[in-house]
Structures are given as C-alpha cells and as structure tokens.
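Q: Contents of query11.txt (compact mmCIF, C-alpha atoms):
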```
# COMPACT_ATOMS: atom_id res chain seq x y z
CA MET A 1 8.92 -3.53 -5.92
CA MET A 2 8.77 -3.49 -9.73
CA SER A 3 5.67 -2.04 -11.34
CA LYS A 4 3.47 -4.09 -13.67
CA LYS A 5 4.36 -1.90 -16.65
CA PHE A 6 8.06 -2.41 -16.02
CA ILE A 7 7.59 -6.20 -15.75
CA VAL A 8 5.64 -6.24 -19.04
CA PHE A 9 8.39 -4.15 -20.66
CA ILE A 10 11.06 -6.59 -19.43
CA ASN A 11 9.04 -9.55 -20.70
CA ILE A 12 8.65 -8.01 -24.16
CA LEU A 13 12.33 -7.07 -24.23
CA THR A 14 13.33 -10.61 -23.22
CA PHE A 15 11.32 -12.28 -25.97
CA THR A 16 12.43 -9.70 -28.54
CA GLY A 17 16.04 -10.38 -27.63
CA PHE A 18 15.42 -14.13 -27.83
CA PHE A 19 14.00 -13.95 -31.36
CA VAL A 20 16.74 -11.55 -32.53
CA PHE A 21 19.39 -13.89 -31.12
CA TRP A 22 17.66 -16.85 -32.83
CA GLU A 23 17.65 -14.97 -36.18
CA ILE A 24 21.35 -14.10 -35.90
CA ILE A 25 22.43 -17.60 -34.90
CA SER A 26 20.37 -19.22 -37.65
CA ARG A 27 21.83 -16.96 -40.34
CA SER A 28 25.37 -17.01 -38.99
CA GLY A 29 26.40 -19.94 -41.18
CA PHE A 30 27.10 -22.31 -38.32
CA PHE A 31 23.87 -24.18 -39.04
CA ASN A 32 22.04 -25.30 -42.17
CA ILE A 33 19.28 -22.73 -42.54
CA ASN A 34 16.95 -25.41 -43.94
CA LEU A 35 17.34 -27.47 -40.76
CA PHE A 36 17.36 -24.53 -38.33
CA PRO A 37 15.15 -21.85 -39.91
CA PRO A 38 15.23 -18.33 -38.45
CA PRO A 39 12.09 -16.56 -37.17
CA SER A 40 11.72 -14.66 -40.46
CA ILE A 41 11.27 -17.93 -42.39
CA VAL A 42 9.00 -19.35 -39.68
CA TRP A 43 6.91 -16.18 -39.97
CA LYS A 44 6.49 -16.81 -43.71
CA ALA A 45 5.34 -20.36 -42.91
CA PHE A 46 2.84 -18.87 -40.47
CA LEU A 47 1.42 -16.54 -43.13
CA GLU A 48 1.18 -19.46 -45.55
CA SER A 49 -0.66 -21.61 -43.01
CA LEU A 50 -2.92 -18.73 -42.06
CA SER A 51 -3.91 -18.00 -45.66
CA SER A 52 -4.68 -21.66 -46.34
CA GLY A 53 -6.88 -21.91 -43.26
CA GLU A 54 -4.99 -24.84 -41.74
CA PHE A 55 -3.53 -22.70 -38.95
CA ILE A 56 -6.92 -21.67 -37.54
CA ALA A 57 -8.28 -25.21 -37.88
CA ASP A 58 -5.25 -26.69 -36.09
CA VAL A 59 -5.26 -24.19 -33.24
CA LEU A 60 -9.00 -24.45 -32.63
CA ALA A 61 -8.86 -28.26 -32.65
CA SER A 62 -5.95 -28.34 -30.20
CA LEU A 63 -7.45 -25.73 -27.89
CA ARG A 64 -10.75 -27.63 -27.80
CA ARG A 65 -8.98 -30.86 -26.84
CA VAL A 66 -6.81 -29.16 -24.22
CA THR A 67 -9.72 -27.29 -22.66
CA ILE A 68 -12.10 -30.24 -22.40
CA GLY A 69 -9.37 -32.64 -21.29
CA PHE A 70 -8.08 -30.18 -18.69
CA ILE A 71 -11.53 -29.56 -17.21
CA PHE A 72 -12.28 -33.27 -16.87
CA GLY A 73 -8.80 -34.04 -15.56
CA ALA A 74 -8.90 -31.19 -13.03
CA CYS A 75 -12.30 -32.19 -11.67
CA ILE A 76 -11.33 -35.86 -11.34
CA GLY A 77 -7.96 -34.96 -9.82
CA ILE A 78 -9.48 -32.68 -7.18
CA LEU A 79 -12.13 -35.26 -6.29
CA LEU A 80 -9.55 -38.03 -5.93
CA GLY A 81 -7.29 -35.75 -3.89
CA LEU A 82 -10.11 -34.97 -1.48
CA LEU A 83 -10.95 -38.67 -1.13
CA THR A 84 -7.40 -39.86 -0.51
CA GLY A 85 -6.61 -36.89 1.70
CA LEU A 86 -9.68 -37.13 3.92
CA VAL A 87 -10.44 -40.86 4.11
CA ASN A 88 -7.73 -43.27 5.24
CA ILE A 89 -9.24 -46.28 3.51
CA PHE A 90 -9.10 -44.46 0.18
CA ARG A 91 -5.52 -43.35 0.90
CA ILE A 92 -4.27 -46.93 1.36
CA THR A 93 -6.30 -48.38 -1.52
CA ILE A 94 -7.08 -45.94 -4.34
CA GLY A 95 -4.06 -43.84 -3.43
CA GLN A 96 -1.66 -46.73 -4.06
CA ILE A 97 -3.28 -47.52 -7.40
CA LEU A 98 -2.94 -43.88 -8.42
CA ILE A 99 0.75 -43.91 -7.49
CA PHE A 100 1.14 -46.99 -9.70
CA PHE A 101 -0.50 -45.31 -12.70
CA ARG A 102 1.24 -41.97 -12.07
CA ASN A 103 4.57 -43.50 -13.03
CA ILE A 104 3.33 -44.65 -16.44
CA PRO A 105 3.91 -41.99 -19.17
CA SER A 106 0.75 -40.83 -20.91
CA ILE A 107 2.28 -41.55 -24.31
CA ALA A 108 2.29 -45.26 -23.41
CA PHE A 109 -1.51 -45.18 -23.52
CA VAL A 110 -1.74 -43.72 -27.04
CA PRO A 111 -2.22 -47.07 -28.86
CA LEU A 112 -4.60 -48.30 -26.16
CA ALA A 113 -6.65 -45.10 -26.27
CA ILE A 114 -7.08 -45.49 -30.03
CA VAL A 115 -8.19 -49.11 -29.55
CA TRP A 116 -10.65 -48.09 -26.83
CA PHE A 117 -12.02 -44.84 -28.26
CA GLY A 118 -11.07 -44.88 -31.93
CA ILE A 119 -9.33 -42.08 -33.82
CA GLY A 120 -11.98 -39.48 -32.98
CA GLU A 121 -11.90 -36.73 -30.37
CA ALA A 122 -12.57 -39.04 -27.43
CA SER A 123 -9.11 -40.63 -27.51
CA LYS A 124 -7.34 -37.23 -27.60
CA ILE A 125 -9.44 -35.82 -24.77
CA PHE A 126 -8.89 -38.99 -22.72
CA LEU A 127 -5.10 -38.71 -23.06
CA VAL A 128 -5.07 -35.03 -22.13
CA MET A 129 -7.32 -35.77 -19.15
CA TRP A 130 -5.03 -38.60 -18.10
CA GLY A 131 -2.01 -36.31 -18.09
CA VAL A 132 -3.79 -33.67 -16.00
CA VAL A 133 -5.31 -35.95 -13.34
CA PHE A 134 -2.15 -36.92 -11.50
CA PRO A 135 -0.49 -33.55 -10.72
CA VAL A 136 -3.87 -32.18 -9.64
CA TRP A 137 -4.55 -35.26 -7.50
CA ILE A 138 -1.17 -35.33 -5.72
CA ASN A 139 -1.22 -31.60 -4.97
CA THR A 140 -4.82 -31.71 -3.75
CA HIS A 141 -4.00 -34.73 -1.59
CA GLN A 142 -0.98 -32.97 -0.10
CA GLY A 143 -2.97 -29.81 0.50
CA VAL A 144 -5.72 -31.68 2.34
CA ILE A 145 -3.43 -33.68 4.63
CA GLN A 146 -1.50 -30.56 5.69
CA VAL A 147 -4.61 -28.73 6.95
CA ASP A 148 -4.14 -27.89 10.62
CA LYS A 149 -6.31 -30.32 12.58
CA HIS A 150 -6.88 -27.68 15.26
CA TYR A 151 -8.93 -25.64 12.77
CA ILE A 152 -11.04 -28.68 11.98
CA TRP A 153 -11.61 -29.47 15.65
CA ALA A 154 -12.49 -25.82 16.34
CA ILE A 155 -15.16 -25.54 13.63
CA LYS A 156 -16.62 -28.93 14.57
CA SER A 157 -16.86 -27.80 18.19
CA LEU A 158 -19.03 -24.93 16.96
CA GLY A 159 -21.47 -27.41 15.42
CA ALA A 160 -20.29 -27.47 11.81
CA ASN A 161 -21.13 -30.56 9.78
CA LYS A 162 -18.75 -32.31 7.35
CA LEU A 163 -19.84 -30.26 4.34
CA GLN A 164 -19.37 -26.98 6.23
CA THR A 165 -15.97 -28.13 7.47
CA LEU A 166 -14.93 -28.96 3.92
CA LYS A 167 -16.20 -25.64 2.57
CA GLU A 168 -15.02 -23.32 5.33
CA VAL A 169 -11.71 -24.87 6.42
CA ILE A 170 -10.32 -27.68 4.28
CA LEU A 171 -10.77 -26.26 0.78
CA PRO A 172 -9.56 -22.72 1.57
CA ASP A 173 -6.50 -24.03 3.41
CA ALA A 174 -5.69 -26.61 0.74
CA PHE A 175 -6.38 -24.35 -2.23
CA PRO A 176 -2.80 -23.01 -2.62
CA PHE A 177 -1.70 -26.61 -3.20
CA ILE A 178 -4.63 -27.24 -5.54
CA ALA A 179 -3.77 -24.08 -7.48
CA THR A 180 -0.20 -25.32 -7.94
CA GLY A 181 -1.46 -28.68 -9.17
CA LEU A 182 -3.78 -27.01 -11.67
CA ARG A 183 -0.94 -24.86 -12.97
CA VAL A 184 1.25 -27.90 -13.52
CA GLY A 185 -1.74 -29.61 -15.12
CA ILE A 186 -2.01 -26.85 -17.72
CA ALA A 187 1.56 -27.49 -18.89
CA LEU A 188 1.07 -31.26 -18.92
CA ALA A 189 -2.16 -30.85 -20.90
CA PHE A 190 -0.20 -29.31 -23.78
CA ILE A 191 2.56 -31.92 -23.48
CA THR A 192 0.06 -34.79 -23.59
CA LEU A 193 -1.83 -33.11 -26.42
CA VAL A 194 1.12 -33.53 -28.78
CA ALA A 195 1.36 -37.24 -28.00
CA ALA A 196 -2.39 -37.58 -28.53
CA GLU A 197 -2.32 -35.79 -31.89
CA LEU A 198 0.66 -37.65 -33.30
CA ALA A 199 -1.52 -40.70 -33.92
CA GLY A 200 -4.94 -40.79 -35.50
CA ALA A 201 -5.52 -37.04 -35.93
CA PHE A 202 -6.28 -34.99 -39.03
CA TYR A 203 -6.12 -31.52 -37.45
CA GLY A 204 -4.20 -30.07 -34.55
CA ILE A 205 -0.80 -28.58 -33.83
CA GLY A 206 0.77 -31.93 -32.92
CA TYR A 207 -0.62 -33.48 -36.10
CA ARG A 208 0.75 -30.61 -38.19
CA ILE A 209 4.23 -31.04 -36.69
CA SER A 210 4.17 -34.73 -37.59
CA ALA A 211 2.77 -34.12 -41.10
CA SER A 212 5.36 -31.41 -41.76
CA HIS A 213 8.10 -33.84 -40.80
CA LEU A 214 6.96 -36.25 -43.52
CA ILE A 215 7.31 -33.59 -46.23
CA PHE A 216 10.46 -32.08 -44.70
CA ARG A 217 8.90 -28.70 -43.90
CA VAL A 218 11.12 -27.85 -40.96
CA ASP A 219 9.80 -24.29 -40.93
CA LYS A 220 6.27 -25.57 -40.26
CA MET A 221 7.58 -27.97 -37.63
CA VAL A 222 9.27 -25.10 -35.81
CA LEU A 223 6.12 -23.01 -36.27
CA GLY A 224 4.04 -25.70 -34.55
CA ILE A 225 6.52 -25.95 -31.67
CA THR A 226 6.54 -22.17 -31.29
CA ILE A 227 2.74 -21.97 -31.31
CA LEU A 228 2.57 -24.63 -28.58
CA GLY A 229 4.94 -22.55 -26.46
CA ILE A 230 2.93 -19.37 -27.06
CA LEU A 231 -0.41 -21.02 -26.26
CA GLY A 232 1.03 -22.58 -23.13
CA LEU A 233 2.47 -19.24 -22.06
CA PHE A 234 -0.84 -17.42 -22.55
CA ALA A 235 -2.75 -20.20 -20.77
CA ASP A 236 -0.40 -19.92 -17.80
CA LYS A 237 -0.64 -16.11 -17.71
CA LEU A 238 -4.44 -16.24 -17.93
CA TYR A 239 -4.56 -18.79 -15.11
CA VAL A 240 -2.31 -16.66 -12.88
CA LEU A 241 -4.49 -13.62 -13.61
CA LEU A 242 -7.68 -15.50 -12.65
CA ILE A 243 -6.14 -16.78 -9.42
CA ARG A 244 -4.93 -13.31 -8.44
CA ASN A 245 -8.33 -11.75 -9.13
CA TYR A 246 -10.58 -14.35 -7.50
CA PHE A 247 -8.36 -15.98 -4.87
CA GLN A 248 -6.36 -13.11 -3.44
CA TRP A 249 -5.06 -15.12 -0.48
CA VAL A 250 -3.14 -17.44 -2.83
CA GLU A 251 0.37 -16.18 -3.57
CA ILE A 252 1.21 -17.03 -7.16
CA LYS A 253 3.73 -15.51 -9.58
```
Show me the file's structure as structure tokens.

A:
Amino acid sequence: MMSKKFIVFINILTFTGFFVFWEIISRSGFFNINLFPPPSIVWKAFLESLSSGEFIADVLASLRRVTIGFIFGACIGILLGLLTGLVNIFRITIGQILIFFRNIPSIAFVPLAIVWFGIGEASKIFLVMWGVVFPVWINTHQGVIQVDKHYIWAIKSLGANKLQTLKEVILPDAFPFIATGLRVGIALAFITLVAAELAGAFYGIGYRISASHLIFRVDKMVLGITILGILGLFADKLYVLLIRNYFQWVEIK
C-alpha cells in the first residue's frame, strides 16, 4: 500500500509534468501563442489580476456563492431523498416531479432566475443550489431504499421509534450513498456557478472569463478556467479529508 507522502509526491509530479507539457506545446509553434497561452503567460495575468485586486474579489465572490448554494442544495437534496426513499406516496408524486426537473439543465434557468430574483446574489445562489439538489437527492434516495429491512425490523422490535430508527439505522447505512451525492454536488456547484455568473454579475470567476473574452484577453480566460479547476480540486480534497476523519466507515478515495 502506497504511503501518503508518496501519493502526495506523485500528485505534485503529475501536475508539474502537466504544466511543463502545456508550456512546451504552447511554445512549440504548432499553436498561436495568443490563442493558447502557456502557463508562464497565464502566471503573469495572475500577478496582474492579483495586484489590481480583482482576483481576490472574484474568488471571494465565487466561493461565497458556491458555499451558500451548496449548503442549501445539500440540505434540500438530503431531505427530499429521505422523503422519497421512506414514504411511498412521496416517491410516486414528488419523486416523479424531481425526475422531470432533473433532466432540465441548470443553465436553462439562468434567464428565469434573473427575472425572479434580479441580478443580485439571490439568482446566483439559487442556480448553484438547483444544480446541487438533484445529485444529492438521487443518491440519498438510492441509499435509503437499499437499507436492509431486517435491520429496521430488528431495531423496531426492540422498541425504537421512527426517529431512533432513522438515526441509528437508516442514516448510517445510507450515508455512503449520501457522501457520494455530496461529492458530485461539489463539482456541479462549480459548473453551475459559471453559468450563473455569465449573466448579471459584476464579480466572480465566471464573470471574469466572460469579460476577458470581450476584450480578447485569452490569458485571463485561461486563468479563470485554471482557478476554477484548482478551487474544485481543493474543495474535493477537503471534502474527502473531512469524510475520512469524521465518518471512518465510509470508504472514499
């Protein structure tokens, strides 16, 4: 079994190799360097954005929207998953409506969200929340319905009420599925964030990518895309770390 230090070393080596390869390919002459800037030019764009203050403002705005939207979406998704997984009437009513909405891309709601909530923070948070709800819901639902009924019958035979059954049997057994849904929700939160910030925003990474496109600053566009990938990577790593520390029975890599 590989040690943690060795895994970290391999990860660093992999990303270093990726950026070196990117630099070589970009400067090889096969591509227009203005259209496919190498990491060295993107780094200069980062320093420029950092010195002007726009980088910090964009990152903080995007992280705030992702965090709030993810929390709301996760809570709603888990609640809906418990309802549709435990109660048949909710499964054949609300569950079908959720399946209907799950197939509609979040970006389709961008104009409607602006009409409903305006161009302020509420519309961005709503869209991020919308993108998170469905993977969390479907995984929670699947986790609940796969709980072994014998465990439920056993704890009820010992006098446990519905709340105790939920707390002691259903949630622990379904949590690996819930954890998977939350992990997928993190990725979708960042994906939906870009769609939310492309319209009616004045700060944020998605907004900066769109604004840079209008002035043909490809280096800043690539910078924004790279920052999204880095933030998503760190969010995923942090989530995995929290799950491993506080929910040791859940196997996650």

Q: Which distance in Å separates atom CA of A:Trp130 and atom CA of A:Ile225, to one decimal?

A: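 So the answer is 21.9 Å.
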
Q: Mind working out the centre and edge lengths of an axis-aligned box for stretch 192-205 of chain A, all listed atoms inside, 6 Å added to each side, rounded to one decimal in Å and written as AutoDock Vina command-line options?

A:
```
--center_x -2.5 --center_y -34.7 --center_z -31.3 --size_x 19.6 --size_y 24.2 --size_z 27.4
```

Q: So which one's closest to A:Ile104, A:Phe134, A:Leu241, A:Phe18, A:Lys162? Using all atoms listed in the file, please.

A: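 That would be A:Phe134, the residue with the smallest distance to A:Ile104.
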
Q: List the neighbours of stretch 109-115 of chain A out to 12 Å using all atoms listed in the file; skip same-chain residues closer than 2 positions along the sequence, and give me the result as number ranges by chain.

A: A: 101, 104-107, 117-131, 192-201

Q: Would you pick out the contacts of stretch 87-94 of chain A at 12 Å or less, using only C-alpha atoms, so that residues sharing its chain but fewer than 6 positions from it are not included, and give the list as a list in words?

A: Leu79, Leu80, Gly81, Phe100, Phe101, Trp137, Ile138, His141, Gln142, Val144 and Ile145 of chain A
